[in-house]
Every structure is written in structure tokens, then in C-alpha cells.
Amino acid sequence: MKLDTIDLRILEAVQRDGRITKVALAEGVGLSPTPCWMRLRKLEKEGIVSGYHARVAVRRLAPVASVMMEVTLENHRQADFDRFERVVTSVPEITACWSVGGGVDYIVKTMAADIDAYQRLVDGLLDREIGIARISPISSPRR
């Protein structure tokens with residue numbers, strides 16, 4: 001599907017606010033509501049807009065420790081990556097995992113009840129003997 005500038009403005013608007021009204025979206029992109037909404041529906045049908053999501057303030061529900069960590073594997077065969085990724089997808093406290101390069105194999109985002117729970121998660125990963133050479137938390141400013 002070829003996108004024009006109006007399609008790109010629609011995408012920008014719904015990324016900023018997935019609950020934007022038809023009228024506000026149309027005004028923002030310079031179309032009348034019906035053609036604007038038809039374009040959005042086409043973007044959805046083509047899979048360019050794949051869903052709408054809410055940002056949940058988890059800390060308002062319960063105390064939580066969100067920790068990003070770097071993971072380096074001992075070996076770099078495809079089977080080693082596959083084994084690690086299989087385990088990661090089965091651990092509910094791991095909320096995201098990105099394969100990266102440059103000396104680190106993965107960046108992993110975790111959410112645990114507290115730092116002690118995070119440490120138990122790390123210990124559990126190491127105990128599983130899935131080829132992890134090193135796990136290092138990434139320090140970042142608190143938000």
C-alpha cells in the first residue's frame with residue numbers, strides 16, 4: 001500500500017492518541033470526517049495500524065521494580081539464541097526482549113514486585129543453565 005502525506009498524518013495522530021475522535025482526527029489531518037475515517041479503516045485493514053493500546057500506570061496498582069538488563073550469552077550458535085528466547089517467552093516477569101549487537105546479545109525488560117523478586121528472577125535464569133554468560137542491570141533515571 002502506498003501512503004500519502006494525509007495517511008502519514010493520520011498515523012501520527014493515532015499513535016499520539018489512539019482514542020482520538022473522528023472529528024478531531026479529520027480536523028487534524030485536513031479532511032472531512034467520513035473520508036478520514038475511511039482512510040483509517042483502510043490502514044487498519046491493511047495491517048498498518050495493528051491495534052490500539054493503553055499505557056497502564058502499574059506503580060499506581062502495586063509497588064513494582066522495573067529493571068532493564070543486558071544479557072550476554074556464552075556461545076553464539078543459533079541453537080543458543082533459540083534456547084534463550086524460548087525460555088524468555090515463558091517467564092511472565094520478562095515483559096520485552098530485544099536482540100542487539102555490539103558485545104551484548106539482548107536487552108531485557110523485567111517487572112518484579114521488588115528488587116528481591118528481581119534478584120530471584122535473575123538467579124532463576126542463571127540456575128536454568130541456558131547459556132547466559134553475564135547479566136547486568138542497566139541503570140537509568142527514575143521516572
# chains A, B, ... in the order shown; residues from 1 in each chain; ligands from 1

$ select_by_dssp --residues "chain A" --states "helix (DSSP H, G or I)" --output "number ranges by chain"
A: 5-16, 22-29, 33-45, 58-61, 78-89, 115-127

$ residues_around --residues "Val100 of chain A" --least-positions-apart "3" --cutoff "10 Å" --atoms "only C-alpha atoms" --output "ChimeraX atom specification"
/A:70-72,97,103-107

$ residues_around --residues "Ala113 of chain A" --least-positions-apart "6" --cutoff "9 Å" --atoms "only C-alpha atoms" --output "PyMOL selection string"
chain A and resi 62-66

$ closest_residue --among "A:Ile48, A:Met68, A:Ala79, A:Leu121" --to "Pro92 of chain A" --atoms "only C-alpha atoms"
A:Leu121

$ select_by_dssp --residues "segment 5-74 of chain A" --states "strand (DSSP E)" --output "list in words"
Ala65, Ser66, Val67, Met68, Met69, Glu70, Val71, Thr72 and Leu73 of chain A

$ closest_residue --among "A:Gly102, A:Gly131, A:Gly124, A:Gly47" --to "Phe84 of chain A" --atoms "only C-alpha atoms"
A:Gly131

$ residues_around --residues "segment 30-45 of chain A" --least-positions-apart "3" --cutoff "12 Å" --atoms "only C-alpha atoms" --output "number ranges by chain"
A: 1-14, 18, 20-27, 48-52

$ write_last_selection --atoms "C-alpha atoms" --output "JSON list (two decimals), in the first residue's frame"
[["chain", "number", "residue", "atom", "x", "y", "z"],
["A", 1, "MET", "CA", 0.00, 0.00, 0.00],
["A", 2, "LYS", "CA", 1.36, 3.38, -0.97],
["A", 3, "LEU", "CA", 0.93, 6.07, 1.70],
["A", 4, "ASP", "CA", 0.50, 9.77, 1.03],
["A", 5, "THR", "CA", 1.04, 12.71, 3.40],
["A", 6, "ILE", "CA", -2.53, 12.53, 4.72],
["A", 7, "ASP", "CA", -2.12, 8.84, 5.58],
["A", 8, "LEU", "CA", 1.12, 9.68, 7.40],
["A", 9, "ARG", "CA", -0.63, 12.44, 9.36],
["A", 10, "ILE", "CA", -3.39, 10.01, 10.29],
["A", 11, "LEU", "CA", -0.79, 7.52, 11.53],
["A", 12, "GLU", "CA", 1.00, 10.20, 13.52],
["A", 13, "ALA", "CA", -2.26, 11.32, 15.15],
["A", 14, "VAL", "CA", -3.45, 7.84, 16.17],
["A", 18, "GLY", "CA", -5.49, 6.12, 19.96],
["A", 20, "ILE", "CA", -8.97, 10.49, 19.15],
["A", 21, "THR", "CA", -12.48, 11.22, 17.87],
["A", 22, "LYS", "CA", -13.38, 11.06, 14.19],
["A", 23, "VAL", "CA", -13.95, 14.80, 14.11],
["A", 24, "ALA", "CA", -10.68, 15.68, 15.87],
["A", 25, "LEU", "CA", -8.72, 13.32, 13.63],
["A", 26, "ALA", "CA", -10.31, 14.76, 10.48],
["A", 27, "GLU", "CA", -9.62, 18.33, 11.61],
["A", 48, "ILE", "CA", -0.52, -0.86, 9.02],
["A", 49, "VAL", "CA", -2.48, 0.07, 12.14],
["A", 50, "SER", "CA", -2.35, -3.20, 14.05],
["A", 51, "GLY", "CA", -4.03, -2.20, 17.30],
["A", 52, "TYR", "CA", -4.66, 0.37, 19.98]]

$ residues_around --residues "Val91 of chain A" --least-positions-apart "3" --cutoff "12 Å" --atoms "only C-alpha atoms" --output "list in words"
Phe84, Glu85, Arg86, Val87, Val88, Ile94, Thr95, Ala96, Cys97, Val108, Lys109, Thr110, Met111, Ala112, Leu121, Val122, Gly124, Leu125 and Arg128 of chain A

$ atom_distance --atom1 "atom CA of Asn75 of chain A" --atom2 "atom CA of Ile130 of chain A"
10.3 Å

$ atom_distance --atom1 "atom CA of Leu61 of chain A" --atom2 "atom CA of Arg19 of chain A"
22.6 Å

$ closest_residue --among "A:Ala117, A:Ile132, A:Val58, A:Val67" --to "Phe81 of chain A" --atoms "only C-alpha atoms"
A:Ile132
